[in-house]
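Engineer: Hey, dropping work23.txt in here, compact mmCIF, C-alpha atoms:
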```
# COMPACT_ATOMS: atom_id res chain seq x y z
CA MET A 1 -6.82 -15.48 -4.90
CA VAL A 2 -4.78 -13.34 -2.54
CA THR A 3 -6.69 -10.44 -1.00
CA LEU A 4 -5.39 -7.00 -0.11
CA ARG A 5 -6.31 -7.81 3.52
CA HIS A 6 -3.92 -10.77 3.38
CA ILE A 7 -1.19 -8.54 1.96
CA VAL A 8 -1.70 -6.02 4.77
CA ASP A 9 -1.51 -8.87 7.29
CA LEU A 10 1.82 -9.92 5.77
CA MET A 11 3.06 -6.33 6.06
CA ARG A 12 1.99 -6.16 9.71
CA GLN A 13 3.90 -9.41 10.33
CA GLY A 14 7.05 -7.92 8.81
CA HIS A 15 6.92 -9.91 5.56
CA TRP A 16 7.46 -6.85 3.38
CA LYS A 17 9.10 -8.60 0.43
CA GLU A 18 6.36 -11.22 0.16
CA ALA A 19 3.70 -8.49 0.42
CA HIS A 20 5.44 -6.49 -2.31
CA ASP A 21 5.63 -9.52 -4.60
CA LEU A 22 1.91 -10.22 -4.15
CA VAL A 23 0.58 -6.67 -4.48
CA GLN A 24 2.04 -6.43 -7.97
CA ASP A 25 -0.57 -8.93 -9.21
CA ASP A 26 -3.50 -6.60 -8.45
CA GLY A 27 -4.14 -3.70 -10.84
CA SER A 28 -6.71 -1.88 -8.71
CA PRO A 29 -6.25 1.67 -7.37
CA LEU A 30 -6.31 0.31 -3.81
CA ALA A 31 -3.47 -2.08 -4.65
CA ALA A 32 -1.53 0.81 -6.21
CA TRP A 33 -1.89 2.76 -2.95
CA LEU A 34 -0.74 -0.26 -0.94
CA HIS A 35 2.15 -0.73 -3.37
CA GLY A 36 3.11 2.90 -2.71
CA ILE A 37 2.98 2.33 1.04
CA LEU A 38 5.32 -0.62 0.63
CA HIS A 39 7.78 1.60 -1.23
CA ILE A 40 7.59 4.19 1.56
CA GLN A 41 8.55 1.44 3.99
CA GLU A 42 11.49 0.54 1.76
CA GLY A 43 12.57 4.20 1.60
CA ASP A 44 12.02 4.27 -2.16
CA LEU A 45 10.05 7.52 -2.27
CA GLU A 46 10.34 7.98 -6.03
CA ASP A 47 8.56 4.69 -6.71
CA ALA A 48 6.14 5.38 -3.84
CA GLU A 49 5.14 8.66 -5.49
CA TYR A 50 4.60 6.84 -8.80
CA TRP A 51 2.26 4.30 -7.18
CA TYR A 52 0.39 6.98 -5.25
CA GLY A 53 -0.22 8.67 -8.60
CA ASN A 54 -1.61 5.42 -10.00
CA ALA A 55 -3.94 5.31 -6.99
CA ASN A 56 -5.04 8.94 -7.52
CA ARG A 57 -3.69 9.84 -4.07
CA HIS A 58 -1.68 12.88 -3.04
CA PHE A 59 1.79 11.64 -2.17
CA ARG A 60 3.13 14.89 -0.75
CA SER A 61 0.30 15.23 1.76
CA ARG A 62 0.52 11.66 3.04
CA GLY A 63 0.93 10.74 6.69
CA THR A 64 3.59 8.62 8.31
CA LEU A 65 4.00 5.01 7.29
CA GLU A 66 1.85 3.87 10.22
CA GLU A 67 -0.81 6.52 9.52
CA GLU A 68 -0.99 5.55 5.86
CA LEU A 69 -1.26 1.86 6.68
CA ALA A 70 -4.02 2.54 9.25
CA LEU A 71 -5.89 4.75 6.77
CA PHE A 72 -5.53 2.08 4.11
CA GLU A 73 -6.93 -0.56 6.49
CA ALA A 74 -9.87 1.69 7.41
CA THR A 75 -10.59 2.30 3.73
CA LEU A 76 -10.39 -1.42 3.01
CA GLU A 77 -12.77 -2.20 5.89
CA SER A 78 -15.29 0.43 4.78
CA GLY A 79 -15.30 -0.86 1.21
CA ARG A 80 -14.73 2.64 -0.24
```
Just dump the structure as structure tokens.

Structural biologist:
Amino acid sequence: MVTLRHIVDLMRQGHWKEAHDLVQDDGSPLAAWLHGILHIQEGDLEDAEYWYGNANRHFRSRGTLEEELALFEATLESGR
């Protein structure tokens, strides 16, 4: 089973397409947030906003791509 940590590692390594393909297999709110972050990276803000909604996160008050990814990683580490 692929973990969200592994998907983040792929993103950090620049493997955005592979990360996007894998995140779609996880239906959790955390995966939806990560899916949204991937769409921000792609510049697809409409889809990013959709996925943020699925994650119950406020899209319009998000940080930069790097800030969002760092916040996601901190959340993942804390188990929240």

Engineer: Would you list the contacts of range 40-52 of chain A as a PyMOL selection string, taking every protein, DNA or RNA residue within 10 Å and counting only C-alpha atoms, but skipping same-chain residues closer than 4 positions in sequence?

Structural biologist: chain A and resi 11+16-17+29-36+56-60+62+64-66+68

Engineer: Name the closest residue to Ala55 in chain A among the candidates A:Leu22, A:Ala74, A:Ile37, A:Ile7; distances are taken between atoms, counting only C-alpha atoms.

Structural biologist: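 Once distances to Ala55 in chain A are computed over only C-alpha atoms, the minimum belongs to A:Ile37.
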
Engineer: Between CA of Thr3 in chain A and CA of Gly27 in chain A, measure the distance and give it in Å to one decimal.

Structural biologist: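 Between CA of Thr3 in chain A and CA of Gly27 in chain A the gap works out to 12.2 Å.
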
Engineer: Quick check, in Å to one decimal: how far apart do CA of Asp25 in chain A and CA of Glu73 in chain A lie?

Structural biologist: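 Calculated distance between CA of Asp25 in chain A and CA of Glu73 in chain A is 18.9 Å.
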
Engineer: Could you please determine the separation between CA of Arg5 in chain A and CA of Leu76 in chain A in Å, to one decimal place?

Structural biologist: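 Computed distance, CA of Arg5 in chain A to CA of Leu76 in chain A, equals 7.6 Å.
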